[in-house]
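J.: Just passing along the structure, written as structure tokens.
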2 protein chains.
Amino acid sequence: MLPDTIKWLKNPPREPSEAMRQAAMQHQRHLAKPFGALGTLEELAASFAAWQDSKRPNLERICQRIYVGDHGVIDEGVSAFNQQTTSEMLGNAANGRSPISILSEINGMDVSLVCMGTANPLDALANVIDLAIAPGTSNFCREPAMSDEVLAACIEAGREYGAAEDCQLLVAGEMGVGNTASASAICSAALTLPVEQSVGRGSGIDDSRFEQKQKAVRAALDKHRTKCRNPLGVLQHLGGLEIAALMAAYIDAAQRGIPSLVDGFVSSAAALLACQLNPPVRDWLIFSHISQEPGHQHILTKLDARPLLNLGLRLGEATGAAASIPIIRSALALHNGLARFSTQPA
Amino acid sequence: MLPDTIKWLKNPPREPSEAMRQAAMQHQRHLAKPFGALGTLEELAASFAAWQDSKRPNLERICQRIYVGDHGVIDEGVSAFNQQTTSEMLGNAANGRSPISILSEINGMDVSLVCMGTANPLDALANVIDLAIAPGTSNFCREPAMSDEVLAACIEAGREYGAAEDCQLLVAGEMGVGNTASASAICSAALTLPVEQSVGRGSGIDDSRFEQKQKAVRAALDKHRTKCRNPLGVLQHLGGLEIAALMAAYIDAAQRGIPSLVDGFVSSAAALLACQLNPPVRDWLIFSHISQEPGHQHILTKLDARPLLNLGLRLGEATGAAASIPIIRSALALHNGLARFSTQPA
């Protein structure tokens, strides 16, 4: 039984229009190119047609959200960085000098940072929503990552600060030193995978830290095994504040008929939980890229997802999602702009 | 011995600046992200640094060329389309309604069509350079695809109408019904591959045409075997007018210190011949995508190339190259715009 405040997570998503998907595919058959020759670009256009219930879908209004949270498991030596780095990354993003701020600018998106909670208090920054729900998660090797109250607050924040009212795509991502450890734990718990298949080197840790990371994830899985028999149990015991918000944002967007562009490994772990909790949410997700983290492929396989890009990224911050936006724009421009075979341009 | 007029093909390319590549990688180490976390995007930026001999490379001037040519092997029933379609595709591109014209527009490139020769005479079109070197190639199942004179003229055209004087990237591609048959024959001859590994379904042909295509390529390989012991022999006997121009354009660009963005299977066959004829040309090539054609992976493997995109495209026209330009732009924007760790933004 879910607590009343988060029962909405199980409400059914909108249904994409299968009729309009078929109409869009039919339209593609008449365009001045062999049918299927644009591969994934044709499928993308048909998906947007189904989502927007329009034969000529467009992408004019993108909503970006980067959820930020610190991780208590950092105490186990799982990262080369410390929690101060999370705040520094957030500051760089707010000041327009981080990877996501640069990719947002060239793709015409506003940076939107939603800070769920960091170990170090934040300076007030103009374009940061500072929720301060908790000073990061607890160290999940010792106790559940989140209390009931913190979990519920993060889920509610993911809904409240989720996809904007009139947007056509949610581009969501995360920041948080240590969060690949959390995503690996979620991946192993949710897919029943040994840690060797879910734990990677995150920001590029050395062998010694890599061993500590595997050990920490294994310890957490052992400690919380009996509490991890459902997606919310996994999230509460092994997750992150920002992962809870992401999961909620994906579900909320699907319920409101807004597709989400999923970023890398950590975002995909949140998407996995969203789909396990509410399977039709899957129909509203596009997967932007495959990262270097070994667990990512397992999640993508489980969700039958073929990501748009494979550029060896391992950064998070929605950078892979942002880098893939031009692919979507190309797909829609082709769908709407191509000549039909053997007819004169209108 | 090469004829005098095309001896320039063997002249050495410029050497990319290895020192500047190292300086660019060093710069990447200090940026506000873990080193290597941007994967291929970091490598791309370093390559442009080496090509432009600049620590802060940019991409402001792109030159696009689409070479067009008809193929005599169409007589063997290898395509579902006929040679009239080549002219129709060219007309659509000239009128801004083809896939490449749409992708060019959203990427800020001018469409530039260089017609080497089609079976049907072209209407005069404003933005088409109509060279009319020959009415397509000869049917290579019966005779060499090109005479000495036609081959030399196509190679010269690839140089004359190659990368523009001051451009920073050549985006070259091709159009020509039947040209995947030619590319497959080149792939098999140049890599000593059985036709089963090089021949695909091109624009999407049915089983019967697919068998005819395999048979035609096999016959051509048998007929010209003794003449295909070097790249120019392969090109002359199995190639296309547009493939000869592409090969020459890649080599000429490399000699002038201009990198080329290679498109799909047909373009990669031209790039393969360029590299076999003049191996250091390889240092100036970026491979944009992997197509659905089975021979493409063999060429990419031979050239040790990891393409930027895998979107299941099989269209040609430089569409895959155009779709990948935003990836390059993202790489350079990140390289030049990111904050450095633990310093204030300037």
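If you're wondering about the labels, chains in the structure tokens are A, B, ... by order shown, residues count from 1 in each chain, ligands from 1 in order shown.
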Per residue of chain A within 7 Å of chain B, note the shortest atom pair and the distance in Å to one decimal, counting only C-alpha atoms, and order the rows by chain and increasing residue number, as JSON lines.
T.:
```
{"residue": "A:Ala32", "atom": "CA", "partner": "B:Ser98", "partner_atom": "CA", "distance": 6.9}
{"residue": "A:Pro34", "atom": "CA", "partner": "B:Ser203", "partner_atom": "CA", "distance": 5.6}
{"residue": "A:Ala37", "atom": "CA", "partner": "B:Arg314", "partner_atom": "CA", "distance": 4.8}
{"residue": "A:Leu38", "atom": "CA", "partner": "B:Leu313", "partner_atom": "CA", "distance": 4.7}
{"residue": "A:Gly39", "atom": "CA", "partner": "B:Gly312", "partner_atom": "CA", "distance": 4.5}
{"residue": "A:Thr40", "atom": "CA", "partner": "B:Leu311", "partner_atom": "CA", "distance": 5.2}
{"residue": "A:Arg97", "atom": "CA", "partner": "B:Ala339", "partner_atom": "CA", "distance": 5.0}
{"residue": "A:Ser98", "atom": "CA", "partner": "B:Leu338", "partner_atom": "CA", "distance": 5.7}
{"residue": "A:Pro99", "atom": "CA", "partner": "B:Leu334", "partner_atom": "CA", "distance": 6.3}
{"residue": "A:Ile102", "atom": "CA", "partner": "B:Leu334", "partner_atom": "CA", "distance": 6.4}
{"residue": "A:Leu103", "atom": "CA", "partner": "B:Ser330", "partner_atom": "CA", "distance": 6.6}
{"residue": "A:Ser203", "atom": "CA", "partner": "B:Pro34", "partner_atom": "CA", "distance": 5.6}
{"residue": "A:Gly204", "atom": "CA", "partner": "B:Pro34", "partner_atom": "CA", "distance": 6.9}
{"residue": "A:Leu308", "atom": "CA", "partner": "B:Leu311", "partner_atom": "CA", "distance": 6.9}
{"residue": "A:Leu309", "atom": "CA", "partner": "B:Leu309", "partner_atom": "CA", "distance": 6.2}
{"residue": "A:Leu311", "atom": "CA", "partner": "B:Thr40", "partner_atom": "CA", "distance": 5.2}
{"residue": "A:Gly312", "atom": "CA", "partner": "B:Gly39", "partner_atom": "CA", "distance": 4.6}
{"residue": "A:Leu313", "atom": "CA", "partner": "B:Leu38", "partner_atom": "CA", "distance": 4.8}
{"residue": "A:Arg314", "atom": "CA", "partner": "B:Ala37", "partner_atom": "CA", "distance": 4.8}
{"residue": "A:Leu315", "atom": "CA", "partner": "B:Ala37", "partner_atom": "CA", "distance": 5.3}
{"residue": "A:Ala323", "atom": "CA", "partner": "B:Ile327", "partner_atom": "CA", "distance": 6.7}
{"residue": "A:Pro326", "atom": "CA", "partner": "B:Pro326", "partner_atom": "CA", "distance": 6.5}
{"residue": "A:Ile327", "atom": "CA", "partner": "B:Ala323", "partner_atom": "CA", "distance": 6.7}
{"residue": "A:Ser330", "atom": "CA", "partner": "B:Leu103", "partner_atom": "CA", "distance": 6.6}
{"residue": "A:Ala333", "atom": "CA", "partner": "B:Ile102", "partner_atom": "CA", "distance": 6.9}
{"residue": "A:Leu334", "atom": "CA", "partner": "B:Pro99", "partner_atom": "CA", "distance": 6.3}
{"residue": "A:Gly337", "atom": "CA", "partner": "B:Arg97", "partner_atom": "CA", "distance": 6.5}
{"residue": "A:Leu338", "atom": "CA", "partner": "B:Arg97", "partner_atom": "CA", "distance": 5.0}
{"residue": "A:Ala339", "atom": "CA", "partner": "B:Arg97", "partner_atom": "CA", "distance": 5.0}
```
J.: Could you take the residues named above and write them with N, CA and C atoms, as a PDB file, in the first residue's frame?
T.:
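Below is the file selection.pdb, written as the result:
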```pdb
ATOM      1  N   ALA A  32       9.436  11.815 -50.424  1.00  0.00           N
ATOM      2  CA  ALA A  32      10.413  11.614 -51.505  1.00  0.00           C
ATOM      3  C   ALA A  32      11.698  10.977 -50.992  1.00  0.00           C
ATOM      4  N   PRO A  34      12.988   6.507 -50.025  1.00  0.00           N
ATOM      5  CA  PRO A  34      12.490   5.144 -49.803  1.00  0.00           C
ATOM      6  C   PRO A  34      11.946   5.005 -48.383  1.00  0.00           C
ATOM      7  N   ALA A  37      14.055   4.661 -45.030  1.00  0.00           N
ATOM      8  CA  ALA A  37      15.446   5.067 -45.280  1.00  0.00           C
ATOM      9  C   ALA A  37      15.971   6.044 -44.239  1.00  0.00           C
ATOM     10  N   LEU A  38      15.060   6.662 -43.498  1.00  0.00           N
ATOM     11  CA  LEU A  38      15.524   7.565 -42.442  1.00  0.00           C
ATOM     12  C   LEU A  38      15.511   6.885 -41.073  1.00  0.00           C
ATOM     13  N   GLY A  39      15.311   5.579 -41.067  1.00  0.00           N
ATOM     14  CA  GLY A  39      15.487   4.763 -39.857  1.00  0.00           C
ATOM     15  C   GLY A  39      14.823   5.337 -38.616  1.00  0.00           C
ATOM     16  N   THR A  40      15.633   5.524 -37.585  1.00  0.00           N
ATOM     17  CA  THR A  40      15.155   6.013 -36.309  1.00  0.00           C
ATOM     18  C   THR A  40      14.467   7.372 -36.430  1.00  0.00           C
ATOM     19  N   ARG A  97      28.465  28.129 -17.123  1.00  0.00           N
ATOM     20  CA  ARG A  97      29.759  27.630 -17.570  1.00  0.00           C
ATOM     21  C   ARG A  97      29.881  26.122 -17.418  1.00  0.00           C
ATOM     22  N   SER A  98      28.789  25.451 -17.133  1.00  0.00           N
ATOM     23  CA  SER A  98      28.857  23.992 -16.988  1.00  0.00           C
ATOM     24  C   SER A  98      28.494  23.342 -18.319  1.00  0.00           C
ATOM     25  N   PRO A  99      28.785  22.054 -18.471  1.00  0.00           N
ATOM     26  CA  PRO A  99      28.405  21.366 -19.707  1.00  0.00           C
ATOM     27  C   PRO A  99      26.931  21.563 -20.058  1.00  0.00           C
ATOM     28  N   ILE A 102      26.052  25.092 -21.359  1.00  0.00           N
ATOM     29  CA  ILE A 102      26.507  25.340 -22.737  1.00  0.00           C
ATOM     30  C   ILE A 102      25.622  24.593 -23.745  1.00  0.00           C
ATOM     31  N   LEU A 103      25.319  23.337 -23.460  1.00  0.00           N
ATOM     32  CA  LEU A 103      24.466  22.575 -24.391  1.00  0.00           C
ATOM     33  C   LEU A 103      23.038  23.117 -24.407  1.00  0.00           C
ATOM     34  N   SER A 203      32.811   8.893 -12.257  1.00  0.00           N
ATOM     35  CA  SER A 203      33.557  10.022 -12.795  1.00  0.00           C
ATOM     36  C   SER A 203      34.971   9.632 -13.222  1.00  0.00           C
ATOM     37  N   GLY A 204      35.329   8.343 -13.048  1.00  0.00           N
ATOM     38  CA  GLY A 204      36.652   7.887 -13.471  1.00  0.00           C
ATOM     39  C   GLY A 204      37.544   7.494 -12.298  1.00  0.00           C
ATOM     40  N   LEU A 308      19.462   7.084 -28.742  1.00  0.00           N
ATOM     41  CA  LEU A 308      19.773   7.817 -29.969  1.00  0.00           C
ATOM     42  C   LEU A 308      21.272   7.947 -30.200  1.00  0.00           C
ATOM     43  N   LEU A 309      22.035   8.132 -29.136  1.00  0.00           N
ATOM     44  CA  LEU A 309      23.468   8.408 -29.281  1.00  0.00           C
ATOM     45  C   LEU A 309      24.314   7.400 -28.510  1.00  0.00           C
ATOM     46  N   LEU A 311      28.075   8.062 -27.511  1.00  0.00           N
ATOM     47  CA  LEU A 311      29.254   8.931 -27.606  1.00  0.00           C
ATOM     48  C   LEU A 311      30.202   8.734 -26.428  1.00  0.00           C
ATOM     49  N   GLY A 312      29.990   7.674 -25.653  1.00  0.00           N
ATOM     50  CA  GLY A 312      30.894   7.403 -24.537  1.00  0.00           C
ATOM     51  C   GLY A 312      30.830   8.459 -23.442  1.00  0.00           C
ATOM     52  N   LEU A 313      29.683   9.126 -23.312  1.00  0.00           N
ATOM     53  CA  LEU A 313      29.541  10.137 -22.262  1.00  0.00           C
ATOM     54  C   LEU A 313      29.382   9.459 -20.904  1.00  0.00           C
ATOM     55  N   ARG A 314      29.843  10.129 -19.861  1.00  0.00           N
ATOM     56  CA  ARG A 314      29.586   9.670 -18.487  1.00  0.00           C
ATOM     57  C   ARG A 314      29.613  10.875 -17.564  1.00  0.00           C
ATOM     58  N   LEU A 315      28.675  11.766 -17.793  1.00  0.00           N
ATOM     59  CA  LEU A 315      28.701  13.036 -17.078  1.00  0.00           C
ATOM     60  C   LEU A 315      27.404  13.342 -16.363  1.00  0.00           C
ATOM     61  N   ALA A 323      22.418  16.819 -25.936  1.00  0.00           N
ATOM     62  CA  ALA A 323      23.161  16.592 -27.183  1.00  0.00           C
ATOM     63  C   ALA A 323      22.303  15.885 -28.234  1.00  0.00           C
ATOM     64  N   PRO A 326      19.077  17.866 -31.205  1.00  0.00           N
ATOM     65  CA  PRO A 326      19.083  18.138 -32.656  1.00  0.00           C
ATOM     66  C   PRO A 326      18.639  16.936 -33.490  1.00  0.00           C
ATOM     67  N   ILE A 327      18.839  15.730 -32.987  1.00  0.00           N
ATOM     68  CA  ILE A 327      18.379  14.541 -33.721  1.00  0.00           C
ATOM     69  C   ILE A 327      16.846  14.563 -33.808  1.00  0.00           C
ATOM     70  N   SER A 330      15.764  17.278 -36.173  1.00  0.00           N
ATOM     71  CA  SER A 330      15.962  16.848 -37.565  1.00  0.00           C
ATOM     72  C   SER A 330      14.825  15.921 -37.993  1.00  0.00           C
ATOM     73  N   ALA A 333      11.661  18.004 -38.596  1.00  0.00           N
ATOM     74  CA  ALA A 333      11.787  18.869 -39.778  1.00  0.00           C
ATOM     75  C   ALA A 333      11.643  18.036 -41.054  1.00  0.00           C
ATOM     76  N   LEU A 334      12.234  16.858 -41.072  1.00  0.00           N
ATOM     77  CA  LEU A 334      12.129  15.989 -42.250  1.00  0.00           C
ATOM     78  C   LEU A 334      10.687  15.515 -42.442  1.00  0.00           C
ATOM     79  N   GLY A 337       8.705  18.571 -43.672  1.00  0.00           N
ATOM     80  CA  GLY A 337       9.151  19.408 -44.780  1.00  0.00           C
ATOM     81  C   GLY A 337       9.412  18.713 -46.097  1.00  0.00           C
ATOM     82  N   LEU A 338       9.458  17.383 -46.091  1.00  0.00           N
ATOM     83  CA  LEU A 338       9.870  16.692 -47.318  1.00  0.00           C
ATOM     84  C   LEU A 338       8.829  16.757 -48.418  1.00  0.00           C
ATOM     85  N   ALA A 339       9.321  16.776 -49.650  1.00  0.00           N
ATOM     86  CA  ALA A 339       8.439  16.665 -50.814  1.00  0.00           C
ATOM     87  C   ALA A 339       7.840  15.266 -50.859  1.00  0.00           C
TER      88      ALA A 339
END
```
J.: Within 6 Å of segment 131-142 of chain A, counting only C-alpha atoms, which residues qualify if same-chain residues fewer than 3 places away don't, as a CSV table (one decimal) with all heavy atoms, in the first residue's frame?
T.:
```
chain,number,residue,atom,x,y,z
A,69,GLY,N,21.2,16.5,-5.8
A,69,GLY,CA,21.1,16.0,-4.5
A,69,GLY,C,22.5,15.4,-4.1
A,69,GLY,O,23.2,14.8,-4.9
A,70,ASP,N,22.8,15.5,-2.8
A,70,ASP,CA,24.0,14.8,-2.3
A,70,ASP,C,23.7,13.4,-1.8
A,70,ASP,O,22.6,13.1,-1.6
A,70,ASP,CB,24.7,15.7,-1.2
A,70,ASP,CG,25.8,16.5,-1.8
A,70,ASP,OD1,26.5,16.0,-2.7
A,70,ASP,OD2,26.0,17.7,-1.3
A,71,HIS,N,24.8,12.6,-1.7
A,71,HIS,CA,24.7,11.2,-1.3
A,71,HIS,C,25.5,10.9,-0.1
A,71,HIS,O,26.8,11.0,-0.2
A,71,HIS,CB,25.0,10.4,-2.5
A,71,HIS,CG,24.0,10.4,-3.6
A,71,HIS,ND1,23.1,9.4,-3.7
A,71,HIS,CD2,23.7,11.4,-4.5
A,71,HIS,CE1,22.2,9.7,-4.7
A,71,HIS,NE2,22.6,10.9,-5.2
A,72,GLY,N,24.9,10.3,0.9
A,72,GLY,CA,25.6,9.9,2.1
A,72,GLY,C,26.6,8.8,1.9
A,72,GLY,O,27.6,8.7,2.6
A,73,VAL,N,26.4,8.0,0.9
A,73,VAL,CA,27.3,6.9,0.6
A,73,VAL,C,28.8,7.4,0.3
A,73,VAL,O,29.7,6.6,0.3
A,73,VAL,CB,26.8,5.9,-0.4
A,73,VAL,CG1,26.7,6.6,-1.8
A,73,VAL,CG2,27.6,4.6,-0.5
A,115,CYS,N,17.3,22.1,-6.7
A,115,CYS,CA,18.1,21.5,-5.7
A,115,CYS,C,17.3,20.9,-4.6
A,115,CYS,O,16.7,21.5,-3.8
A,115,CYS,CB,19.1,22.5,-5.1
A,115,CYS,SG,20.4,21.7,-4.1
A,116,MET,N,17.4,19.6,-4.5
A,116,MET,CA,16.6,18.8,-3.5
A,116,MET,C,17.3,18.9,-2.1
A,116,MET,O,16.6,18.9,-1.1
A,116,MET,CB,16.5,17.3,-3.9
A,116,MET,CG,16.2,17.1,-5.4
A,116,MET,SD,14.6,17.7,-5.8
A,116,MET,CE,13.6,16.7,-4.8
A,117,GLY,N,18.6,19.0,-2.1
A,117,GLY,CA,19.3,19.0,-0.9
A,117,GLY,C,20.8,18.7,-1.0
A,117,GLY,O,21.1,17.7,-1.6
A,118,THR,N,21.6,19.5,-0.5
A,118,THR,CA,23.1,19.3,-0.6
A,118,THR,C,23.6,19.3,0.9
A,118,THR,O,23.0,19.9,1.8
A,118,THR,CB,23.8,20.3,-1.4
A,118,THR,OG1,23.4,21.6,-1.0
A,118,THR,CG2,23.5,20.2,-2.9
A,119,ALA,N,24.8,18.7,1.0
A,119,ALA,CA,25.4,18.7,2.3
A,119,ALA,C,25.9,20.1,2.8
A,119,ALA,O,25.8,20.4,3.9
A,119,ALA,CB,26.7,17.7,2.3
A,145,ALA,N,18.4,5.2,2.7
A,145,ALA,CA,18.8,6.4,2.1
A,145,ALA,C,17.9,7.6,2.5
A,145,ALA,O,18.3,8.7,2.8
A,145,ALA,CB,18.9,6.3,0.6
A,146,MET,N,16.6,7.3,2.6
A,146,MET,CA,15.6,8.3,2.8
A,146,MET,C,14.6,7.8,3.9
A,146,MET,O,14.2,6.6,3.8
A,146,MET,CB,14.8,8.7,1.6
A,146,MET,CG,15.7,9.4,0.5
A,146,MET,SD,14.8,9.7,-1.0
A,146,MET,CE,15.5,8.4,-2.0
A,220,ALA,N,25.1,-2.6,0.9
A,220,ALA,CA,23.8,-2.0,0.9
A,220,ALA,C,22.7,-3.0,0.4
A,220,ALA,O,21.6,-3.1,1.0
A,220,ALA,CB,23.8,-0.7,0.1
```
J.: Find the residues near Leu113 of chain A: any atom within 8 Å, counting only C-alpha atoms, skip ones fewer than 4 places away on the same chain, and give them as a PyMOL selection string.
T.: chain A and resi 65-68+90+94+127-129
J.: Considering only alpha helix (DSSP H) as DSSP defines it on the backbone, what residues of segment 88-291 of chain B qualify? List them as an MDAnalysis selection string.
T.: chainID B and resid 88:94 99:106 148:160 179:191 207:224 231:238 241:255 265:277
J.: I'd like the contact shell of segment 74-77 of chain A - 9 Å cut-off, only C-alpha atoms, skipping same-chain residues fewer than 4 positions apart - returned as number ranges by chain.
T.: A: 70, 81-83, 139, 141, 177-179, 181, 209, 212-213, 216
J.: Taking a cut-off of 7 Å and counting only C-alpha atoms, can you build a table that, for each residue of segment 153-203 of chain B near segment 223-239 of chain B, reports the nearest atom pair and how far apart they are in Å (one decimal), sorted by chain then residue number, as CSV?
T.:
```
residue,atom,partner,partner_atom,distance
B:Ser182,CA,B:Gly239,CA,5.5
B:Ala183,CA,B:Gly239,CA,7.0
B:Ala185,CA,B:Leu238,CA,6.2
B:Ile186,CA,B:Leu238,CA,6.2
B:Ala189,CA,B:Cys228,CA,6.8
```
J.: Mind dumping the selected residues with all heavy atoms as a tab-separated table (two decimals), in the first residue's frame?
T.:
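Dumped to out18.tsv:
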```tsv
chain	number	residue	atom	x	y	z
B	182	SER	N	27.35	-0.32	-56.80
B	182	SER	CA	28.73	0.06	-57.08
B	182	SER	C	29.57	0.05	-55.81
B	182	SER	O	30.68	-0.49	-55.77
B	182	SER	CB	28.74	1.44	-57.75
B	182	SER	OG	30.04	1.90	-57.91
B	183	ALA	N	29.03	0.63	-54.75
B	183	ALA	CA	29.77	0.68	-53.49
B	183	ALA	C	30.03	-0.73	-52.95
B	183	ALA	O	31.10	-1.01	-52.40
B	183	ALA	CB	29.01	1.52	-52.46
B	185	ALA	N	30.36	-3.44	-54.77
B	185	ALA	CA	31.41	-4.04	-55.61
B	185	ALA	C	32.78	-3.51	-55.19
B	185	ALA	O	33.75	-4.27	-55.06
B	185	ALA	CB	31.13	-3.73	-57.08
B	186	ILE	N	32.87	-2.19	-54.93
B	186	ILE	CA	34.13	-1.60	-54.46
B	186	ILE	C	34.54	-2.23	-53.13
B	186	ILE	O	35.70	-2.61	-52.92
B	186	ILE	CB	33.98	-0.07	-54.31
B	186	ILE	CG1	33.84	0.59	-55.69
B	186	ILE	CG2	35.16	0.52	-53.53
B	186	ILE	CD1	33.43	2.06	-55.63
B	189	ALA	N	35.77	-5.78	-53.70
B	189	ALA	CA	37.05	-5.83	-54.41
B	189	ALA	C	38.18	-5.29	-53.54
B	189	ALA	O	39.25	-5.89	-53.46
B	189	ALA	CB	36.95	-5.03	-55.71
```
J.: Any idea what the distance is between atom CA of Ile258 of chain A and atom CA of Val281 of chain A?
T.: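 Here the two named atoms are 10.4 Å from each other.
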